[in-house]
Structures are given as structure tokens and as C-alpha cells.
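Student: Pasting in a structure now, in C-alpha cells, and then I'll have a few things to ask.
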Amino acid sequence: MELNWQEMLFQFFGGLGIFLFGIKYMGDGLQKSAGERLKEILDKFTTNPFMGVLAGVFVTVLIQSSSGTTVIVVGLVSAGFMTLRQAIGVIMGANIGTTVTAFIIGVDIGEYALPIIAVGTILLFFFKNKKIHNFGQMIFGFGALFYGLELMGGGMKPLRSLEAFHDLTVSMSDNPILGVVVGTLFTVIVQSSSATIGILQELYSSDLVDLQAGLPILFGDNIGTTITAVLAALGASVAARRAAAVHVLFNLIGTTIFLIILPLFSKFVVFLQTTFNLNEPMTIAFAHGTFNITNTIIQFPFIAILAVIVTKLIPGQDSIVDYNSKHLDPVFIEQSPSIALGQAKEEVLRMGAFSVKGLQETNEFLKTKSSKNAEAAYQIEGAINNLDKKITNYLVDLSSASLSESESERHSILMDTVRDIERVGDHFENIVELIEYQQANKVKITDDAMADLEIMFNLTIETVEKAIQSLDLNDTAIAREVAEKEDQIDKMERKLRKQHILRLNEGKCSGQAGIVYVDIISNLERIGDHAVNIAEAVLGVE
């Protein structure tokens, strides 16, 4: 029988596209239903590696992608929200969570795929309620997943009569490493282990591969899925690259162990198949689940060693920002409100130091246009936002304690200062975005304008530094100096606006350059206002 290659390829790749869309769409629906709080879940519930594993499982089940979870983890490690050891636990959990898709596929409801899609469509297009809409998205994605599988299965069935394909499966049965390579390469290309496991389930159910060839492909799929995290970590911080390396190492070690015990593992999978009367797709799902759960159990006690190994493999000092508060112990609120107030002040001063560092990085970004400085500024702004929430919550809790009149005044000053520092972070983030706009649109700012910006930037940084110093030392002389400097910033802002209008009239700069320039000096002037607010609180001025 002559093969219709066009029909086979169209069915396979069209089915693959629908399958990938179905997984993505279903994951998006689940994620929206659960709320946009995945990073918070990973941040809050990773206090120890075991909780990290559970958080990794939960988030991966929600977004239907271990790669997606690992990319989030890489971002959190890069930002300083999570330590490397916490990340390892989450990555292990992500590998377990991704097996849920294989179990879903194992339930043989492919013939109902189109009616399920129809139900999802009705919920999407005929209901305005957001919850019903999200549920419709999940149902539609669920149906699309099975419909894509059916199409892929139909496209692959004619391969049974192809001698070359038969020879390849025999080679993979005889040489498991070849199967691992095939699985790895295909997952790297498709960028989804769920898709390649789904294809493997179809191949096995169609008798196109046997278990001896299928299991090494399954191991390779788990290695291939790490490529997404590796790509996400390129150019990221040292800690992020280490997190991605852990993902690769974890799956390589697991594959090595299971290749050594492959005959034993194959017998165990056959035992599961016969004992529970599993169909072919569900057999692969159980094999996949067993592989990832067992791999996690084996390597879990060695998380510290894995961290040491990747630290040796990827050396270097990391410049991540520590997002977590260091001084906010809730015990002091009840036992000694006075000490708690002192602890809160220490954290506010730390937050203030971040604002100065963020301004310095922003100024460097303006001069060098290096993405490294922009990334550092964004990290610091994230740290400031996080500390803003934690300090504010701590101070709110502290307000219910019995405070003296002077302590109440200090409490009020800290509340106001936290808000001002948070706004400083917002303004330097605005400036970073303006510089990125300047880069993207090739906007040229004249040398004279750049020189003026440098002077104003340095004056603003010095003003914020002095404001934080006045709060730290409760020094009214430094606070008055801040007020004087803020007055200089105001005058400079008015002067630079006038100079810009002159340059514009003389045709020395473009309208686009003017917008960027004026917005930067406006943000610097607003930062000066927030600095003087802090100083005035020290002076006791309303």
C-alpha cells in the first residue's frame, strides 16, 4: 500500500498544533480560575524543600506545563524571591505535576472530543460571566487536547507498514540510549514533554512501538523538557542559571538510574498493566508517573548536594536582591511594641537603601544602556514593592498594640516614609521604561541634555540618600539640607525645561527626544518631592 505522505504529515502536524493549543488553553483557563497568584503560591509555600515539591506539583497541575513552572522558578530565583534549595524542591514537584496530563490522556474519551469542544464553545460565546468563561476555556482546551491526539493517531497509523520505521523501533528496543536521544530531540523541537508523551501514548496504543523502545523515549522526553528553562536562564543571573542546571541534572541522573534498571522497570510496568488492566495510553501514564515520583524520592535527600554540584558547575558571585524582610519579627508586636517599632525602622532604612541603589542603577542604565543595569533596577523595584507590603502589614498589626504618644508619632512617620520610598521605586522604574523606549525607537538625546541629566540625577540620588540618613539618625540638620537640595531640584527642573524648549526651537532635538527628556526630569523632580516628605517628617513639619 502506497503511503499518502501529505495526508499523514497534515494530520500529524495539524493534530500536534491543536493538541499544544488545547494544553495551553486548558492551562490558561485553570490558571485564571485559580487566580493570578502562582508566584505568590511559590513564594509563600516553599519554606522548605518538601513544601516546595508540593507547591511545584500544584502549580504545574494548574498551568499544565512543567516547563512553565520551571521558567517561573528561574524568574523567582533570579529576582531573589527564592533560594536555590527551595527552587530544587519546586522543580522536582513540577516533574511530578506534569504527569497529570498523561493520566488525562490515558482516559479514553477521544471519540467525545468534538462534543466537548462544542460545550466549551457554548460556555465561551454565550455566557458573559467571567467564571463560566474561564470554565469554558478549560473545557474547550480539554476537548482540543483529545481531538489533536485523535488526528495525530490517525496520521501515524500508516507508519505500521513502513519498513524503515519498524527498523527504527527495533533499534530503539535493542539500544535504549537511541530511544533517549530520540525522545530528547523531539521534545526540544516541540517544546512540550506533555505533547511528546501524548504522541508516545498514541504510538504504543497503535503497536508502532513496544514497551522496551517506549520507556527510553519517555526518559528522553523528561530531559528534552528542560530546554525551556535553559533558554529562560540564558543571560539571567547566576542563580537562575543554576536553577535551570538543576532541572537538567535532575532528569539526567534520573534517566541514568532508570536505564541501569530498565529490565526491572519494564517488568514493573507490565505488572502494573496486567494487575490494573490498564489500556496502552494509561500504561505509559503510569510509567511516566512512576519514573518522576521515584526519581524525586531518590534525589530528594540529596537536594543540598545537588545545590553544591551546580554551584561548582556554574561558579561566580550572584548579585541578586534579597526580597525578604530581615527584621520584622511578629513576636515583638505582642511582647515589646517599642522593639517592634525599632525593627520596623530598620526594615524601612533597608528599603530606603534599595531606593538609592535603584536610582544608581537607573542612572548607569541611562549612561551605558546596558540591560544588566535595567534588570538590576527592575529587581530592586520588585524588592521595594515586596518590602512595602510586608512593612505596611507589620505596622498595621503594630498599631493595635499599646504605644506611647512618641511611639505613635514614630509609627505614623514610618507609615508615611514607606509610602514615599515605594513611590521613589515607581518613579525610577518609569525612568527605566523611558530609557528602554529611547533605545527601542533610536531616540537621540543631545550631549548637552545628557550632561544636564547627569547633574540632576546625581543631585536627586544625593537628596534621597540624605533623606534616609536624616531618618536613620533623626538629624534635623540633615533634614534641612534635604529641603534645600529639593529646592535646587525644583529650580533645575524648570531651568532644564526652558533649555529643552530652546533646543527644540533651534531644531537640535526631535519631538520624541523631548518627550523622553522632559518625562525623565519630571520623574526626578517627583523623587525629590518624596525625599523632602521624609525629611519633613523628621523635622515634624505637616
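Ordering of the C-alpha cells sets the chain letters (A, B, ...), residue numbers begin anew at 1 in every chain, and ligands are numbered from 1 in the order given.
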Compile a residue-level contact table for segment 240-266 of chain A against segment 170-181 of chain A at a cut-off of 12 Å, reporting for every qualifying residue the shortest atom pair and its distance in Å to one decimal, with only C-alpha atoms counted, rows ordered by chain and ascending number, as CSV.

Tutor:
```
residue,atom,partner,partner_atom,distance
A:Asn251,CA,A:Val180,CA,11.5
A:Leu252,CA,A:Val180,CA,10.4
A:Thr255,CA,A:Val180,CA,8.4
A:Thr256,CA,A:Ile177,CA,9.8
A:Phe258,CA,A:Pro176,CA,10.6
A:Leu259,CA,A:Pro176,CA,7.4
A:Ile260,CA,A:Pro176,CA,10.2
A:Ile261,CA,A:Pro176,CA,11.6
A:Leu262,CA,A:Pro176,CA,8.7
A:Pro263,CA,A:Pro176,CA,10.7
A:Ser266,CA,A:Ser173,CA,11.6
```

Student: With only C-alpha atoms as the basis for distance, which of A:Met138, A:Leu459, A:Ala304, A:Leu123 is at the shortest distance from Leu30 of chain A?

Tutor: A:Met138

Student: Tell me, as JSON, numbers by chain, which residues lie within 10 Å of Leu328 of chain A, counting only C-alpha atoms; anything in the same chain fewer than 6 positions away does not count.

Tutor: {"A": [340, 341, 342, 343, 344, 345, 346, 347, 390, 391, 394, 395]}

Student: Would you output that residue set with C-alpha atoms, as a PDB file, in the first residue's frame?

Tutor:
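Dumped everything to selection36.pdb:
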```
ATOM      1  CA  ALA A 340       8.940  46.058  67.147  1.00  0.00           C
ATOM      2  CA  LEU A 341       8.906  49.732  66.149  1.00  0.00           C
ATOM      3  CA  GLY A 342      12.714  49.732  66.087  1.00  0.00           C
ATOM      4  CA  GLN A 343      12.677  46.580  63.944  1.00  0.00           C
ATOM      5  CA  ALA A 344      10.242  48.213  61.521  1.00  0.00           C
ATOM      6  CA  LYS A 345      12.507  51.272  61.285  1.00  0.00           C
ATOM      7  CA  GLU A 346      15.492  49.045  60.423  1.00  0.00           C
ATOM      8  CA  GLU A 347      13.477  47.488  57.600  1.00  0.00           C
ATOM      9  CA  LYS A 390       5.418  43.443  54.456  1.00  0.00           C
ATOM     10  CA  ILE A 391       6.379  46.567  56.410  1.00  0.00           C
ATOM     11  CA  TYR A 394       3.658  44.762  60.177  1.00  0.00           C
ATOM     12  CA  LEU A 395       2.967  48.396  61.081  1.00  0.00           C
TER      13      LEU A 395
END
```

Student: If you count only C-alpha atoms, which residues fall within 10 Å of Ile96 of chain A, apart from same-chain ones fewer than 2 positions away, as a list in words?

Tutor: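 Non-adjacent residues within range: Val53, Leu54, Gly56, Val57, Phe58, Thr60, Val61, Ser66, Val90, Ile91, Met92, Gly93, Ala94, Thr98, Thr99, Val100, His288, Gly289, Thr290, Phe291, Asn292, Ile293, Thr294, Asn295 and Thr296 of chain A.
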
Student: Tell me which protein, DNA and RNA residues are within 9 Å of segment 193-207 of chain A, counting only C-alpha atoms, leaving out same-chain ones fewer than 6 positions away, and put them as a ChimeraX atom specification.

Tutor: /A:16,19-20,23,64-67,98-99,101-102,105-106,149-150,152-153,156-157,160,183,186-187,214,217-218,221-225,279-285,288

Student: Could you tell me which of A:Phe140, A:Phe457, A:Phe354, A:Phe365 comes closest to Val432 of chain A if we count only C-alpha atoms?

Tutor: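 Of all the options, A:Phe365 lies closest to Val432 of chain A.
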
Student: Which one is closest to Ala87 of chain A: A:Ile117, A:Leu185, A:Ile339, A:Ala244? Count only C-alpha atoms.

Tutor: A:Ala244

Student: Do a neighbour search on Pro301 of chain A at 12 Å with only C-alpha atoms, toss out local chain neighbours closer than 4 positions, and write the hits as number ranges by chain.

Tutor: A: 49-50, 85, 88-89, 92, 295-297, 305-307

Student: Limited to N, CA, C and O atoms, could you put the picked residues into a file as a PDB file, in the first residue's frame?

Tutor:
```pdb
ATOM      1  N   PRO A  49      12.130  22.369  51.390  1.00  0.00           N
ATOM      2  CA  PRO A  49      12.097  21.635  50.120  1.00  0.00           C
ATOM      3  C   PRO A  49      10.847  20.765  49.930  1.00  0.00           C
ATOM      4  O   PRO A  49      10.326  20.664  48.814  1.00  0.00           O
ATOM      5  N   PHE A  50      10.353  20.140  51.015  1.00  0.00           N
ATOM      6  CA  PHE A  50       9.168  19.282  50.883  1.00  0.00           C
ATOM      7  C   PHE A  50       7.955  20.109  50.465  1.00  0.00           C
ATOM      8  O   PHE A  50       7.199  19.715  49.568  1.00  0.00           O
ATOM      9  N   ARG A  85      17.951  26.102  46.928  1.00  0.00           N
ATOM     10  CA  ARG A  85      17.432  24.865  47.540  1.00  0.00           C
ATOM     11  C   ARG A  85      15.911  24.803  47.461  1.00  0.00           C
ATOM     12  O   ARG A  85      15.340  23.735  47.232  1.00  0.00           O
ATOM     13  N   ILE A  88      14.959  23.850  43.889  1.00  0.00           N
ATOM     14  CA  ILE A  88      15.155  22.433  43.555  1.00  0.00           C
ATOM     15  C   ILE A  88      13.908  21.638  43.922  1.00  0.00           C
ATOM     16  O   ILE A  88      13.439  20.794  43.162  1.00  0.00           O
ATOM     17  N   GLY A  89      13.349  21.911  45.101  1.00  0.00           N
ATOM     18  CA  GLY A  89      12.119  21.227  45.517  1.00  0.00           C
ATOM     19  C   GLY A  89      10.978  21.483  44.557  1.00  0.00           C
ATOM     20  O   GLY A  89      10.245  20.557  44.167  1.00  0.00           O
ATOM     21  N   MET A  92      11.449  19.559  41.293  1.00  0.00           N
ATOM     22  CA  MET A  92      11.088  18.147  41.481  1.00  0.00           C
ATOM     23  C   MET A  92       9.567  17.979  41.444  1.00  0.00           C
ATOM     24  O   MET A  92       9.041  17.057  40.799  1.00  0.00           O
ATOM     25  N   ASN A 295      12.022   9.089  40.970  1.00  0.00           N
ATOM     26  CA  ASN A 295      13.194   9.938  40.784  1.00  0.00           C
ATOM     27  C   ASN A 295      13.252  11.015  41.866  1.00  0.00           C
ATOM     28  O   ASN A 295      14.324  11.303  42.429  1.00  0.00           O
ATOM     29  N   THR A 296      12.093  11.598  42.189  1.00  0.00           N
ATOM     30  CA  THR A 296      12.035  12.618  43.243  1.00  0.00           C
ATOM     31  C   THR A 296      12.362  12.015  44.609  1.00  0.00           C
ATOM     32  O   THR A 296      13.138  12.600  45.383  1.00  0.00           O
ATOM     33  N   ILE A 297      11.800  10.841  44.906  1.00  0.00           N
ATOM     34  CA  ILE A 297      12.058  10.186  46.200  1.00  0.00           C
ATOM     35  C   ILE A 297      13.548   9.862  46.353  1.00  0.00           C
ATOM     36  O   ILE A 297      14.144  10.064  47.417  1.00  0.00           O
ATOM     37  N   ILE A 305      23.263  18.466  48.135  1.00  0.00           N
ATOM     38  CA  ILE A 305      24.387  18.046  47.278  1.00  0.00           C
ATOM     39  C   ILE A 305      24.182  18.544  45.855  1.00  0.00           C
ATOM     40  O   ILE A 305      25.126  19.013  45.206  1.00  0.00           O
ATOM     41  N   LEU A 306      22.935  18.460  45.344  1.00  0.00           N
ATOM     42  CA  LEU A 306      22.636  18.987  44.003  1.00  0.00           C
ATOM     43  C   LEU A 306      22.963  20.477  43.929  1.00  0.00           C
ATOM     44  O   LEU A 306      23.514  20.958  42.931  1.00  0.00           O
ATOM     45  N   ALA A 307      22.613  21.209  45.004  1.00  0.00           N
ATOM     46  CA  ALA A 307      22.899  22.648  45.047  1.00  0.00           C
ATOM     47  C   ALA A 307      24.404  22.909  44.992  1.00  0.00           C
ATOM     48  O   ALA A 307      24.868  23.813  44.285  1.00  0.00           O
TER      49      ALA A 307
END
```

Student: When you draw a straight line from atom CA of Gly528 of chain A to atom CA of Lys369 of chain A, how long is it in Å?

Tutor: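 So the two atoms, atom CA of Gly528 of chain A and atom CA of Lys369 of chain A, lie 23.7 Å apart.
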
Student: Could you pull out the alpha helix (DSSP H) residues of segment 313-475 of chain A, going by DSSP on the backbone, and write them as a short mmCIF file (atom, residue, chain, number, x, y, z; two decimals) with C-alpha atoms, in the first residue's frame?

Tutor:
```cif
data_model
loop_
_atom_site.label_atom_id
_atom_site.label_comp_id
_atom_site.auth_asym_id
_atom_site.auth_seq_id
_atom_site.Cartn_x
_atom_site.Cartn_y
_atom_site.Cartn_z
CA LEU A 313 29.46 23.74 37.69
CA VAL A 331 6.77 38.11 68.35
CA PHE A 332 7.89 41.64 69.33
CA ILE A 333 4.47 43.16 68.49
CA GLU A 334 2.95 41.39 71.50
CA GLN A 335 5.96 41.26 73.80
CA PRO A 337 5.95 47.13 70.78
CA SER A 338 8.88 49.51 71.30
CA ILE A 339 11.37 46.93 69.98
CA ALA A 340 8.94 46.06 67.15
CA LEU A 341 8.91 49.73 66.15
CA GLY A 342 12.71 49.73 66.09
CA GLN A 343 12.68 46.58 63.94
CA ALA A 344 10.24 48.21 61.52
CA LYS A 345 12.51 51.27 61.28
CA GLU A 346 15.49 49.05 60.42
CA GLU A 347 13.48 47.49 57.60
CA VAL A 348 12.35 50.91 56.35
CA LEU A 349 16.01 52.04 56.28
CA ARG A 350 16.87 48.89 54.31
CA MET A 351 14.04 49.71 51.90
CA GLY A 352 15.44 53.26 51.61
CA ALA A 353 18.91 51.87 50.79
CA PHE A 354 17.27 49.85 48.00
CA SER A 355 15.73 53.04 46.59
CA VAL A 356 19.16 54.71 46.45
CA LYS A 357 20.67 51.63 44.80
CA GLY A 358 17.80 51.53 42.30
CA LEU A 359 18.38 55.17 41.36
CA GLN A 360 22.12 54.49 40.89
CA GLU A 361 21.39 51.52 38.61
CA THR A 362 18.88 53.64 36.64
CA ASN A 363 21.48 56.38 36.20
CA GLU A 364 24.01 53.80 34.98
CA PHE A 365 21.42 52.44 32.54
CA LEU A 366 20.90 55.96 31.17
CA LYS A 367 24.66 56.27 30.56
CA THR A 368 25.59 52.75 29.43
CA SER A 371 20.38 45.67 30.02
CA LYS A 372 22.23 44.44 33.12
CA ASN A 373 21.56 47.77 34.83
CA ALA A 374 17.91 47.80 33.74
CA GLU A 375 17.40 44.27 35.08
CA ALA A 376 19.00 45.26 38.39
CA ALA A 377 16.73 48.32 38.66
CA TYR A 378 13.63 46.20 37.99
CA GLN A 379 14.76 43.65 40.61
CA ILE A 380 15.25 46.40 43.18
CA GLU A 381 11.85 47.92 42.40
CA GLY A 382 10.31 44.48 42.94
CA ALA A 383 12.12 44.21 46.29
CA ILE A 384 10.84 47.65 47.30
CA ASN A 385 7.24 46.67 46.43
CA ASN A 386 7.56 43.46 48.42
CA LEU A 387 9.01 45.24 51.46
CA ASP A 388 6.30 47.91 51.16
CA LYS A 389 3.60 45.24 51.64
CA LYS A 390 5.42 43.44 54.46
CA ILE A 391 6.38 46.57 56.41
CA THR A 392 2.91 48.10 56.00
CA ASN A 393 1.23 44.89 57.22
CA TYR A 394 3.66 44.76 60.18
CA LEU A 395 2.97 48.40 61.08
CA VAL A 396 -0.81 47.85 60.77
CA ASP A 397 -0.54 44.92 63.20
CA LEU A 398 1.65 47.06 65.46
CA SER A 399 -0.94 49.87 65.52
CA GLU A 405 2.44 59.22 72.26
CA SER A 406 6.01 59.49 70.96
CA GLU A 407 5.91 55.90 69.66
CA SER A 408 2.62 56.63 67.88
CA GLU A 409 4.29 59.61 66.21
CA ARG A 410 7.26 57.48 65.11
CA HIS A 411 4.80 54.83 63.88
CA SER A 412 2.99 57.43 61.75
CA ILE A 413 6.31 58.72 60.32
CA LEU A 414 7.32 55.16 59.31
CA MET A 415 3.95 54.53 57.62
CA ASP A 416 4.34 57.73 55.56
CA THR A 417 8.01 57.04 54.79
CA VAL A 418 7.26 53.55 53.47
CA ARG A 419 4.75 55.06 51.04
CA ASP A 420 7.24 57.72 49.89
CA ILE A 421 10.05 55.19 49.32
CA GLU A 422 7.66 52.94 47.36
CA ARG A 423 6.81 55.93 45.12
CA VAL A 424 10.55 56.58 44.57
CA GLY A 425 10.76 53.00 43.26
CA ASP A 426 7.83 53.63 40.91
CA HIS A 427 9.47 56.77 39.53
CA PHE A 428 12.87 55.19 38.80
CA GLU A 429 11.02 52.28 37.17
CA ASN A 430 9.26 54.88 34.96
CA ILE A 431 12.67 56.29 34.00
CA VAL A 432 14.00 52.81 33.10
CA GLU A 433 10.95 52.30 30.84
CA LEU A 434 11.58 55.71 29.20
CA ILE A 435 15.22 54.77 28.52
CA GLU A 436 14.06 51.42 27.04
CA TYR A 437 11.64 53.37 24.82
CA GLN A 438 14.55 55.61 23.80
CA GLN A 439 16.62 52.55 22.86
CA ALA A 440 13.82 50.75 21.00
CA ASP A 447 25.14 65.66 24.60
CA ASP A 448 24.19 68.91 26.39
CA ALA A 449 20.89 67.39 27.56
CA MET A 450 22.67 64.23 28.74
CA ALA A 451 25.18 66.31 30.73
CA ASP A 452 22.29 68.18 32.41
CA LEU A 453 20.52 64.90 33.20
CA GLU A 454 23.71 63.57 34.82
CA ILE A 455 23.88 66.60 37.14
CA MET A 456 20.18 66.35 38.05
CA PHE A 457 20.41 62.59 38.59
CA ASN A 458 23.39 62.92 40.96
CA LEU A 459 21.63 65.69 42.89
CA THR A 460 18.47 63.55 43.21
CA ILE A 461 20.41 60.48 44.38
CA GLU A 462 22.25 62.60 46.97
CA THR A 463 18.93 64.09 48.17
CA VAL A 464 17.33 60.66 48.68
CA GLU A 465 20.49 59.41 50.46
CA LYS A 466 20.39 62.41 52.81
CA ALA A 467 16.66 61.91 53.47
CA ILE A 468 17.21 58.28 54.52
CA GLN A 469 20.22 59.37 56.60
CA SER A 470 18.14 62.03 58.38
CA LEU A 471 15.54 59.36 59.26
CA ASP A 472 18.24 56.95 60.46
CA LEU A 473 19.95 59.50 62.73
#
```

Student: With only C-alpha atoms as the basis for distance, which of A:Leu151, A:Glu536, A:Asn95, A:Gly120 is at the shortest distance from Gln11 of chain A?

Tutor: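 Distance minimum relative to Gln11 of chain A lands on A:Leu151.
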
Student: Restricting the calculation to only C-alpha atoms: of A:Ile253, A:Ala531, A:Val209, A:Ala240, which residue gets closest to Leu76 of chain A?

Tutor: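 With only C-alpha atoms as the atom set, the closest residue is A:Ala240.
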
Student: If we count only C-alpha atoms, what is near segment 125-136 of chain A at a cut-off of 10 Å, once residues fewer than 5 positions away on the same chain are taken out, given as a list in words?

Tutor: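 The contact residues come out as Tyr25, Met26, Asp28, Gly29, Leu30, Gln31, Lys32, Ser33, Ala34, Ile116, Ile117, Ala118, Val119, Gly120, Gly141 and Phe142 of chain A.
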